[in-house]
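Here is the file target36.txt (compact mmCIF, C-alpha atoms).
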# COMPACT_ATOMS: atom_id res chain seq x y z
CA MET A 17 -64.33 -79.93 98.57
CA ARG A 18 -66.80 -77.75 100.48
CA PRO A 19 -69.58 -79.44 102.54
CA ALA A 20 -72.31 -77.91 100.37
CA VAL A 21 -70.69 -79.29 97.24
CA VAL A 22 -70.26 -82.71 98.84
CA LEU A 23 -73.94 -82.70 99.83
CA ALA A 24 -75.00 -81.74 96.31
CA VAL A 25 -72.90 -84.51 94.78
CA CYS A 26 -74.38 -87.06 97.20
CA VAL A 27 -77.93 -85.95 96.42
CA VAL A 28 -77.29 -86.23 92.68
CA ALA A 29 -75.76 -89.69 93.19
CA LEU A 30 -78.77 -90.84 95.21
CA ILE A 31 -81.15 -89.51 92.58
CA PHE A 32 -79.19 -91.35 89.88
CA VAL A 33 -79.21 -94.63 91.81
CA ALA A 34 -82.90 -94.37 92.62
CA GLY A 35 -83.71 -93.46 89.04
CA SER A 36 -81.69 -96.35 87.65
CA LEU A 37 -83.34 -98.85 89.97
CA PHE A 38 -86.90 -97.59 89.80
CA ALA A 39 -86.80 -97.01 86.09
CA GLY A 40 -90.44 -97.37 85.22
CA ASP A 41 -93.90 -98.79 85.51
CA TRP A 42 -95.44 -101.85 83.88
CA PRO A 43 -98.71 -100.34 82.62
CA ALA A 44 -100.08 -103.12 80.41
CA PHE A 45 -99.72 -106.67 79.15
CA ARG A 46 -96.05 -107.29 78.22
CA GLY A 47 -94.89 -104.00 79.71
CA PRO A 48 -94.41 -100.37 78.66
CA LYS A 49 -93.42 -101.20 75.07
CA ALA A 50 -95.50 -104.41 74.80
CA ASP A 51 -92.31 -106.39 74.17
CA GLY A 52 -91.95 -108.23 77.48
CA ILE A 53 -88.91 -106.15 78.45
CA SER A 54 -88.73 -104.08 81.63
CA PRO A 55 -86.80 -100.77 81.54
CA GLU A 56 -85.47 -101.45 85.06
CA THR A 57 -81.70 -101.38 85.58
CA GLY A 58 -79.50 -101.92 88.60
CA ILE A 59 -81.60 -104.78 89.97
CA ASN A 60 -80.35 -107.70 92.03
CA ARG A 61 -78.87 -110.18 89.54
CA ASP A 62 -77.30 -112.50 92.11
CA TRP A 63 -80.21 -114.64 93.23
CA LYS A 64 -77.91 -117.51 94.23
CA ASN A 65 -76.15 -115.60 97.00
CA LYS A 66 -78.85 -113.02 97.66
CA PRO A 67 -82.34 -114.37 96.93
CA PRO A 68 -84.96 -111.61 96.58
CA LYS A 69 -86.73 -110.81 99.85
CA GLU A 70 -90.49 -111.36 99.94
CA LEU A 71 -92.29 -108.11 100.74
CA TRP A 72 -95.90 -109.26 100.77
CA ARG A 73 -98.44 -111.70 99.37
CA VAL A 74 -102.16 -111.28 98.82
CA GLU A 75 -104.82 -113.89 98.23
CA MET A 76 -106.43 -114.18 94.81
CA HIS A 77 -109.85 -115.76 94.35
CA ASP A 78 -110.24 -116.01 90.58
CA ARG A 79 -108.23 -119.21 90.05
CA GLY A 80 -107.25 -117.60 86.75
CA TYR A 81 -104.33 -116.00 84.95
CA SER A 82 -104.84 -112.24 84.86
CA GLY A 83 -101.47 -110.52 85.08
CA PRO A 84 -100.80 -107.41 87.18
CA SER A 85 -100.06 -103.92 85.90
CA VAL A 86 -98.05 -101.44 87.97
CA VAL A 87 -98.38 -97.65 87.73
CA ASP A 88 -97.61 -94.88 90.25
CA GLY A 89 -97.09 -97.23 93.16
CA LYS A 90 -100.30 -99.20 92.55
CA VAL A 91 -100.82 -102.76 91.35
CA PHE A 92 -103.92 -103.30 89.22
CA ILE A 93 -105.29 -106.80 88.71
CA ILE A 94 -108.59 -108.55 87.97
CA ASP A 95 -109.91 -110.92 90.65
CA HIS A 96 -113.21 -112.76 91.05
CA LYS A 97 -115.66 -113.51 93.87
CA GLY A 98 -118.83 -115.54 93.46
CA SER A 99 -120.37 -114.42 90.18
CA ASP A 100 -118.59 -111.04 90.13
CA ASP A 101 -115.35 -109.83 88.66
CA VAL A 102 -113.34 -107.55 90.93
CA VAL A 103 -110.83 -105.02 89.60
CA ARG A 104 -108.39 -104.35 92.45
CA ALA A 105 -105.92 -101.54 93.08
CA ILE A 106 -103.26 -102.65 95.58
CA ASN A 107 -100.59 -100.54 97.27
CA LEU A 108 -97.27 -101.73 95.80
CA ALA A 109 -95.27 -100.90 98.93
CA ALA A 110 -97.53 -102.57 101.48
CA GLY A 111 -99.71 -105.07 99.58
CA LYS A 112 -102.93 -103.50 100.91
CA ASP A 113 -106.03 -102.90 98.80
CA ILE A 114 -106.67 -99.24 97.97
CA TRP A 115 -109.96 -99.73 96.15
CA SER A 116 -111.94 -102.39 94.30
CA PHE A 117 -114.60 -102.25 91.61
CA THR A 118 -117.08 -105.11 91.34
CA TYR A 119 -119.38 -106.00 88.44
CA PRO A 120 -121.45 -109.09 87.45
CA ASP A 121 -119.66 -111.60 85.26
CA SER A 122 -119.94 -115.40 85.52
CA ASP A 123 -120.26 -117.98 88.27
CA LYS A 124 -118.94 -120.80 86.09
CA GLU A 125 -115.20 -121.35 85.98
CA ASN A 126 -113.43 -122.05 82.69
CA LEU A 127 -109.75 -122.54 83.49
CA GLY A 128 -110.40 -120.06 86.26
CA PHE A 129 -112.07 -116.73 85.61
CA SER A 130 -110.15 -113.58 84.66
CA ARG A 131 -107.13 -113.83 82.36
CA ALA A 132 -106.66 -110.48 80.59
CA THR A 133 -104.22 -107.94 82.05
CA PRO A 134 -105.58 -104.46 82.92
CA LEU A 135 -104.18 -101.51 80.99
CA VAL A 136 -103.44 -98.22 82.79
CA GLU A 137 -103.06 -94.99 80.83
CA ASN A 138 -103.52 -91.29 81.65
CA GLY A 139 -105.23 -91.92 84.98
CA ARG A 140 -107.60 -94.58 83.70
CA VAL A 141 -107.77 -98.35 84.03
CA TYR A 142 -109.15 -100.52 81.21
CA ALA A 143 -110.19 -104.08 82.10
CA VAL A 144 -111.69 -106.88 79.98
CA SER A 145 -113.61 -109.76 81.56
CA MET A 146 -113.63 -113.33 80.28
CA LEU A 147 -117.20 -112.74 79.01
CA GLY A 148 -116.05 -109.73 77.00
CA VAL A 149 -117.20 -106.84 79.21
CA VAL A 150 -114.86 -103.84 78.93
CA HIS A 151 -114.67 -101.30 81.75
CA CYS A 152 -112.93 -97.94 81.90
CA LEU A 153 -112.30 -96.86 85.51
CA ASP A 154 -110.72 -93.94 87.32
CA ALA A 155 -107.28 -95.12 88.45
CA LYS A 156 -107.38 -93.09 91.67
CA THR A 157 -110.83 -94.05 92.92
CA GLY A 158 -112.03 -97.03 90.90
CA ALA A 159 -115.12 -95.09 89.79
CA LYS A 160 -116.72 -96.30 86.57
CA ILE A 161 -116.31 -94.01 83.56
CA TRP A 162 -117.84 -96.22 80.85
CA SER A 163 -118.37 -99.87 79.88
CA ARG A 164 -119.14 -101.94 76.78
CA ASN A 165 -120.00 -105.59 76.19
CA ILE A 166 -117.96 -106.19 73.03
CA ILE A 167 -119.37 -109.68 72.46
CA LYS A 168 -122.95 -108.39 72.53
CA ASP A 169 -122.31 -105.09 70.75
CA PHE A 170 -120.35 -106.62 67.86
CA THR A 171 -122.19 -109.97 67.75
CA GLY A 172 -118.91 -111.57 68.70
CA THR A 173 -118.02 -115.16 69.44
CA ARG A 174 -116.28 -116.23 72.62
CA PRO A 175 -113.55 -118.80 71.99
CA THR A 176 -113.55 -122.13 73.83
CA TYR A 177 -111.75 -120.75 76.88
CA PHE A 178 -113.47 -117.35 76.65
CA VAL A 179 -111.98 -113.87 76.19
CA SER A 180 -108.29 -113.68 77.06
CA ALA A 181 -106.83 -110.87 74.92
CA SER A 182 -105.77 -107.80 76.88
CA PRO A 183 -106.78 -104.28 75.78
CA VAL A 184 -104.36 -102.17 73.73
CA ILE A 185 -104.20 -98.36 73.45
CA ASP A 186 -102.88 -96.53 70.40
CA GLY A 187 -103.42 -92.79 70.44
CA ASP A 188 -107.12 -92.14 71.06
CA ARG A 189 -108.02 -95.74 70.16
CA LEU A 190 -108.68 -98.64 72.50
CA ILE A 191 -108.18 -101.82 70.46
CA VAL A 192 -110.40 -104.77 71.41
CA TYR A 193 -110.95 -108.21 69.93
CA PRO A 194 -114.66 -109.19 69.73
CA GLY A 195 -114.51 -111.62 66.79
CA GLY A 196 -117.81 -110.43 65.30
CA GLN A 197 -119.10 -110.21 61.75
CA ASP A 198 -116.72 -107.84 59.98
CA ALA A 199 -115.40 -107.08 63.46
CA SER A 200 -112.62 -109.49 64.23
CA VAL A 201 -111.01 -106.34 65.66
CA ALA A 202 -112.61 -103.07 66.76
CA ALA A 203 -111.36 -99.64 67.74
CA LEU A 204 -113.16 -97.74 70.50
CA ASN A 205 -112.70 -94.17 71.62
CA LYS A 206 -110.67 -94.63 74.79
CA ASP A 207 -112.39 -91.68 76.51
CA THR A 208 -116.02 -92.53 75.73
CA GLY A 209 -116.11 -96.16 74.59
CA GLU A 210 -117.80 -95.20 71.32
CA THR A 211 -117.00 -97.28 68.24
CA LEU A 212 -114.49 -95.68 65.89
CA TRP A 213 -114.31 -98.57 63.44
CA ARG A 214 -114.85 -102.31 63.12
CA GLY A 215 -112.72 -104.42 60.82
CA GLY A 216 -110.17 -107.18 60.44
CA GLY A 217 -112.57 -109.55 58.72
CA SER A 218 -114.76 -112.03 60.58
CA ASP A 219 -112.35 -114.59 62.03
CA MET A 220 -113.19 -116.14 65.39
CA PRO A 221 -110.89 -114.71 68.06
CA ALA A 222 -108.08 -116.72 69.59
CA TYR A 223 -106.35 -115.76 72.87
CA ALA A 224 -103.42 -113.62 71.74
CA THR A 225 -103.34 -109.86 72.30
CA PRO A 226 -103.14 -107.54 69.23
CA VAL A 227 -99.84 -105.73 68.67
CA VAL A 228 -99.22 -102.20 67.36
CA ALA A 229 -96.58 -102.17 64.63
CA THR A 230 -95.32 -100.40 61.53
CA LEU A 231 -94.59 -102.98 58.85
CA ALA A 232 -93.67 -102.30 55.23
CA GLY A 233 -94.05 -98.61 56.07
CA LYS A 234 -97.67 -98.96 57.22
CA LYS A 235 -99.03 -98.38 60.74
CA GLN A 236 -101.16 -101.40 61.66
CA TYR A 237 -102.39 -103.83 64.29
CA VAL A 238 -101.05 -107.38 64.05
CA VAL A 239 -103.72 -109.87 65.11
CA LEU A 240 -103.57 -113.65 65.53
CA THR A 241 -106.99 -115.29 65.18
CA THR A 242 -107.92 -118.96 65.44
CA LYS A 243 -106.66 -119.56 61.95
CA THR A 244 -104.90 -116.49 60.55
CA LEU A 245 -102.21 -113.92 61.30
CA LEU A 246 -103.29 -110.62 59.79
CA GLY A 247 -102.34 -106.97 59.57
CA VAL A 248 -105.14 -104.44 60.08
CA ASP A 249 -104.86 -100.81 58.99
CA ALA A 250 -104.74 -98.62 62.11
CA GLU A 251 -106.91 -95.87 60.65
CA SER A 252 -109.66 -97.88 58.97
CA GLY A 253 -109.61 -101.50 60.18
CA LYS A 254 -109.07 -102.71 56.61
CA VAL A 255 -107.16 -105.99 56.26
CA LEU A 256 -103.73 -105.27 54.74
CA TRP A 257 -102.37 -108.82 54.54
CA THR A 258 -103.00 -112.32 55.87
CA PHE A 259 -100.93 -115.39 56.64
CA PRO A 260 -102.63 -118.77 57.36
CA TYR A 261 -101.94 -120.20 60.84
CA PRO A 262 -104.81 -122.51 61.90
CA ALA A 263 -104.14 -123.96 65.35
CA LYS A 264 -105.78 -127.08 66.76
CA ASN A 265 -109.00 -126.12 68.59
CA GLY A 266 -108.16 -122.49 67.88
CA THR A 267 -105.53 -122.44 70.61
CA ASN A 268 -103.38 -119.62 69.29
CA VAL A 269 -102.40 -118.12 72.64
CA SER A 270 -98.91 -116.68 72.32
CA THR A 271 -98.95 -113.03 71.22
CA PRO A 272 -97.17 -112.14 67.94
CA VAL A 273 -93.67 -110.71 68.41
CA VAL A 274 -92.49 -107.94 66.09
CA VAL A 275 -88.89 -108.60 65.02
CA GLY A 276 -87.06 -105.75 63.33
CA GLU A 277 -88.75 -103.65 60.68
CA ASN A 278 -90.83 -106.07 58.66
CA ARG A 279 -90.98 -109.40 60.45
CA VAL A 280 -93.40 -110.97 62.92
CA PHE A 281 -92.77 -114.17 64.88
CA ILE A 282 -95.64 -116.50 65.81
CA THR A 283 -95.71 -119.77 67.74
CA SER A 284 -98.21 -122.33 68.99
CA LEU A 285 -97.81 -125.73 70.62
CA HIS A 286 -100.65 -127.11 68.50
CA MET A 287 -99.18 -126.06 65.16
CA ASN A 288 -96.22 -127.38 63.23
CA GLY A 289 -93.89 -125.25 65.33
CA CYS A 290 -93.20 -121.58 64.78
CA VAL A 291 -92.97 -119.23 61.82
CA MET A 292 -91.05 -116.03 61.11
CA VAL A 293 -93.40 -114.09 58.84
CA GLU A 294 -91.97 -111.43 56.55
CA VAL A 295 -94.35 -108.63 55.55
CA SER A 296 -94.01 -106.52 52.41
CA ALA A 297 -96.23 -104.40 50.19
CA ALA A 298 -96.97 -107.59 48.25
CA GLY A 299 -98.25 -109.50 51.29
CA ALA A 300 -96.79 -111.93 53.83
CA ARG A 301 -94.60 -115.01 53.46
CA ALA A 302 -92.69 -117.40 55.70
CA ALA A 303 -89.03 -116.44 56.06
CA TRP A 304 -88.42 -119.64 58.04
CA THR A 305 -90.36 -122.22 60.01
CA ASN A 306 -89.39 -124.99 62.44
CA GLN A 307 -90.24 -126.43 65.86
CA ASN A 308 -87.54 -124.76 67.94
CA ILE A 309 -90.11 -122.62 69.78
CA ASN A 310 -93.62 -124.01 70.20
CA ALA A 311 -95.14 -122.30 73.21
CA LEU A 312 -98.48 -123.31 74.70
CA VAL A 313 -99.37 -120.01 76.39
CA SER A 314 -96.24 -117.90 76.94
CA THR A 315 -95.00 -115.20 74.57
CA PRO A 316 -91.29 -115.19 73.66
CA VAL A 317 -89.00 -112.21 74.20
CA TYR A 318 -86.95 -110.77 71.34
CA CYS A 319 -83.71 -108.89 72.04
CA ASP A 320 -80.57 -108.10 70.00
CA GLY A 321 -81.23 -110.64 67.27
CA TYR A 322 -82.37 -113.55 69.45
CA LEU A 323 -85.66 -115.02 70.63
CA TYR A 324 -86.07 -116.54 74.10
CA GLY A 325 -89.09 -118.78 74.66
CA ASN A 326 -90.54 -122.20 75.42
CA ARG A 327 -89.88 -125.33 73.37
CA ALA A 328 -92.16 -128.36 73.55
CA LYS A 329 -93.40 -128.96 77.09
CA ASP A 330 -90.35 -128.41 79.23
CA SER A 331 -87.61 -126.23 77.80
CA LEU A 332 -86.38 -122.66 77.73
CA VAL A 333 -84.56 -121.98 74.47
CA CYS A 334 -82.58 -119.28 72.71
CA VAL A 335 -83.13 -119.08 68.94
CA ASP A 336 -81.37 -117.02 66.27
CA ALA A 337 -84.15 -114.79 64.91
CA ALA A 338 -82.49 -114.43 61.51
CA THR A 339 -82.26 -118.15 60.73
CA GLY A 340 -84.43 -119.96 63.29
CA ALA A 341 -81.46 -122.01 64.47
CA ARG A 342 -81.56 -123.18 68.08
CA VAL A 343 -78.62 -121.69 69.98
CA TRP A 344 -79.15 -123.32 73.38
CA GLU A 345 -81.82 -125.20 75.31
CA GLN A 346 -82.44 -125.93 79.00
CA THR A 347 -85.13 -128.16 80.48
CA GLY A 348 -87.20 -127.33 83.57
CA PHE A 349 -89.51 -124.57 82.31
CA GLU A 350 -92.84 -126.23 81.65
CA HIS A 351 -95.08 -123.77 79.76
CA GLY A 352 -94.21 -120.95 82.15
CA GLY A 353 -94.32 -117.24 81.35
CA LEU A 354 -91.15 -115.17 80.94
CA ILE A 355 -89.98 -111.57 80.63
CA ALA A 356 -86.64 -109.74 80.35
CA ALA A 357 -85.13 -107.24 82.78
CA ASP A 358 -81.67 -105.69 83.04
CA GLY A 359 -79.95 -108.21 80.78
CA THR A 360 -81.68 -111.23 82.28
CA ILE A 361 -84.59 -113.52 81.54
CA ILE A 362 -86.94 -114.10 84.46
CA ALA A 363 -88.88 -117.27 83.69
CA VAL A 364 -91.37 -119.46 85.53
CA ASN A 365 -91.58 -123.25 85.62
CA GLY A 366 -95.29 -123.66 84.89
CA LYS A 367 -95.50 -126.95 86.75
CA THR A 368 -93.81 -126.04 90.04
CA GLY A 369 -94.03 -122.23 90.07
CA THR A 370 -90.25 -121.89 90.53
CA VAL A 371 -89.03 -118.50 89.28
CA VAL A 372 -85.58 -118.58 87.64
CA MET A 373 -83.25 -115.75 86.67
CA VAL A 374 -81.09 -116.51 83.62
CA GLU A 375 -78.45 -114.47 81.82
CA MET A 376 -80.00 -113.16 78.60
CA SER A 377 -77.24 -114.17 76.25
CA PRO A 378 -76.81 -116.38 73.17
CA LYS A 379 -73.49 -117.61 74.60
CA GLY A 380 -75.20 -120.32 76.64
CA TYR A 381 -77.55 -121.03 79.51
CA LYS A 382 -76.29 -119.38 82.69
CA GLU A 383 -78.55 -119.49 85.72
CA LEU A 384 -78.26 -116.61 88.20
CA GLY A 385 -80.50 -118.15 90.85
CA ARG A 386 -84.06 -119.16 91.62
CA ILE A 387 -86.85 -118.73 94.17
CA ASP A 388 -89.91 -120.81 95.06
CA PRO A 389 -92.75 -118.41 95.89
CA PHE A 390 -95.45 -121.06 96.16
CA ALA A 391 -95.40 -123.87 98.71
CA LYS A 392 -97.62 -126.00 96.49
CA VAL A 393 -99.27 -124.98 93.23
CA GLU A 394 -102.83 -126.06 92.61
CA LYS A 395 -102.86 -125.53 88.84
CA SER A 396 -100.33 -124.56 86.18
CA VAL A 397 -98.48 -121.28 86.76
CA TRP A 398 -98.77 -119.64 83.35
CA THR A 399 -98.84 -115.92 84.16
CA ALA A 400 -95.59 -114.14 83.29
CA PRO A 401 -93.72 -112.22 86.02
CA VAL A 402 -93.81 -108.42 86.14
CA VAL A 403 -90.83 -106.20 87.01
CA ALA A 404 -91.53 -102.60 88.02
CA GLU A 405 -90.35 -100.00 90.53
CA GLY A 406 -87.59 -102.22 91.88
CA LYS A 407 -89.83 -105.22 92.50
CA VAL A 408 -90.89 -108.43 90.81
CA LEU A 409 -94.46 -109.72 91.08
CA VAL A 410 -95.43 -113.33 90.42
CA ARG A 411 -98.70 -115.20 90.79
CA ASP A 412 -100.24 -118.62 90.67
CA THR A 413 -103.99 -119.21 90.63
CA ARG A 414 -104.37 -118.47 94.36
CA VAL A 415 -101.86 -115.82 95.43
CA LEU A 416 -99.98 -112.74 94.17
CA VAL A 417 -96.49 -112.32 95.65
CA CYS A 418 -94.14 -109.31 95.59
CA PHE A 419 -90.34 -109.56 95.98
CA ASP A 420 -87.71 -106.85 96.42
CA LEU A 421 -85.19 -106.53 93.57
CA LYS A 422 -82.82 -104.10 95.28
CA PRO A 423 -79.19 -105.28 94.88
Spell out the structure here as structure tokens.
Amino acid sequence: MRPAVVLAVCVVALIFVAGSLFAGDWPAFRGPKADGISPETGINRDWKNKPPKELWRVEMHDRGYSGPSVVDGKVFIIDHKGSDDVVRAINLAAGKDIWSFTYPDSDKENLGFSRATPLVENGRVYAVSMLGVVHCLDAKTGAKIWSRNIIKDFTGTRPTYFVSASPVIDGDRLIVYPGGQDASVAALNKDTGETLWRGGGSDMPAYATPVVATLAGKKQYVVLTTKTLLGVDAESGKVLWTFPYPAKNGTNVSTPVVVGENRVFITSLHMNGCVMVEVSAAGARAAWTNQNINALVSTPVYCDGYLYGNRAKDSLVCVDAATGARVWEQTGFEHGGLIAADGTIIAVNGKTGTVVMVEMSPKGYKELGRIDPFAKVEKSVWTAPVVAEGKVLVRDTRVLVCFDLKP
């Protein structure tokens, strides 16, 4: 083979390897498809013999639970100093701040400060504060483009632990969750912030993020309020169907999970377990219900017919999505967040902050290794990990840490 041909083959091979490892960004809450699954492949799956190398760590001041987003080599996250929220853009390779945007928020902590995850789309960053202030910023510079106070503008009601739902983009619409009169949900123009519609009834908001879905042939937003799961027409905001799900103290935190074509899974620790809701043109009904997944704050991951999530206060479980039957269970995962990447579950023990890689398989619990990013956690570690651009990011209430996932 001629040298030029050999060189070309090597270049193609390197491009393939790089492309397979650095498969994509993590632009919003629960990832690029809002399903908790990273598109990354070719990552290090042998944490027992080759634990991921720490690349950097940066101090956080919000004592909260805002997750990071990763786009174009930048990490976006909401921090807090004094009585101000701080949206930060951090260099993914070096862990150094690129820019920050500061705005007045609150000086009174309520389970920390920020908790919503920024959304990055088409060169813009959308951030929601715990008081319900929405900002649209330039992703390159941090310059303000527009802002709205959705609680004030829609006469909304902050839940007990304040605004936690992350923003969602669908086409030209930015979906927010003010919980106002005839404005449980609202759609804003993502470019200007102007109101496109208000709808979804008048339920008080919970803490779960709305989900874009097509159910029973209808494009809609699936929303979990303090007492109801509902489908909202994407074009008008009209309520299409409802399913009662009143949680104790309104603590519906886990985001609904779309399962297949016409089903939605919901769970709450303070309810009678979990429910698989089946949606049709006639409305919504329970396909099955039990207590095999009852998450406090984390959202389960659905893949290939199975749900992976938290049970009670301490377990990671695998559940058959068709029947609700528990397939396997493993203790040691207290209320921690979890995601999926490259055929694995990466889950956090909410009590200790230990991050565990597990084979994503219904065949049984198989641990692939674990790391302990935090010497000592001050409060519960509830924020789910993020996998993007060959790295995994984890945080507790005081620090954000980045690890290399190269094999």
Identify which of the residues A:Phe45, A:Trp344, A:Phe129, A:Tyr193 lies closest to Arg79 of chain A, counting only C-alpha atoms when measuring atom-to-atom distances.
A:Phe129
Quick one: residues within 12 Å of Gly52 of chain A, only C-alpha atoms counted, chain neighbours fewer than 2 positions away excluded, as number ranges by chain?
A: 42-50, 54-55, 271-274, 314-319, 323-325, 353-358, 360-363, 400-404
Figure out the distance between atom CA of Phe92 of chain A and atom CA of Trp213 of chain A, please, to one decimal in Å.
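Atom-to-atom, atom CA of Trp213 of chain A to atom CA of Phe92 of chain A, that is 28.2 Å.
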Atom CA of Val150 of chain A and atom CA of Asn165 of chain A are how many Å apart?
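That distance, rounded to one decimal, is 6.1 Å.
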May I ask which of the residues A:Pro175, A:Gly89, A:Gly209, A:Gly385 is the closest one to Lys64 of chain A, counting all atoms listed in the file?
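Comparing A:Pro175, A:Gly89, A:Gly209, A:Gly385 against Lys64 of chain A, the winner is A:Gly385.
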Which residues, written as a list of chain:residue names, have at least one atom at most 10 Å from Ala391 of chain A, with all atoms listed in the file counted and residues fewer than 4 positions away on the same chain left out?
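Here the qualifying residues turn out to be A:Thr368, A:Gly369, A:Thr370.
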Quick one: pull the distance between atom CA of Ser130 of chain A and atom CA of Asp101 of chain A, Å, one decimal.
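If I compute the distance from atom CA of Ser130 of chain A to atom CA of Asp101 of chain A, I get 7.6 Å.
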Give me the residues within 7 Å of Glu75 of chain A as a list in words, counting all atoms listed in the file and dropping any in the same chain fewer than 2 places off.
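What passes the distance filter is Arg73, His77, Arg414, Val415 and Leu416 of chain A.
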Which residue of A:Lys395, A:Lys329, A:Lys66, A:Lys382 approaches His286 of chain A most closely, using all atoms listed in the file
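Between A:Lys395, A:Lys329, A:Lys66, A:Lys382, the residue approaching His286 of chain A most closely is A:Lys329.
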For Met76 of chain A, which of A:Lys168, A:Gly128, A:Ala224, A:Asp41 is the closest residue, counting only C-alpha atoms?
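For Met76 of chain A, the nearest of the candidates is A:Gly128.
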Please determine, counting all atoms listed in the file, which residue among A:Phe170, A:Tyr81, A:Tyr322, A:Trp257 has the shortest atom-to-atom distance to Thr399 of chain A.
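For Thr399 of chain A, the nearest of the given residues is A:Tyr81.
Closest approach to Gly321 of chain A among A:Ser377, A:Ser82, A:Asn308, A:Ser284: A:Ser377, based on only C-alpha atoms.
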Please check which residues have atoms at most 7 Å from (-110.4, -114.7, 80.4) in the file's coordinates, counting only C-alpha atoms, and write them as a PyMOL selection string.
chain A and resi 129-132+145-146+178-180
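The environment of Ala202 of chain A within 6 Å, counting all atoms listed in the file and disregarding residues fewer than 6 places along the same chain, consists of Ile191, Val192, Trp213 and Arg214 of chain A.
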Residue selection dump (C-alpha atoms) as an mmCIF file, keeping the file's coordinate frame:
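Generated output (selection.cif):
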data_model
loop_
_atom_site.group_PDB
_atom_site.id
_atom_site.type_symbol
_atom_site.label_atom_id
_atom_site.label_comp_id
_atom_site.auth_asym_id
_atom_site.auth_seq_id
_atom_site.Cartn_x
_atom_site.Cartn_y
_atom_site.Cartn_z
ATOM 1 C CA ILE A 191 -108.180 -101.820 70.460
ATOM 2 C CA VAL A 192 -110.400 -104.770 71.410
ATOM 3 C CA TRP A 213 -114.310 -98.570 63.440
ATOM 4 C CA ARG A 214 -114.850 -102.310 63.120
#
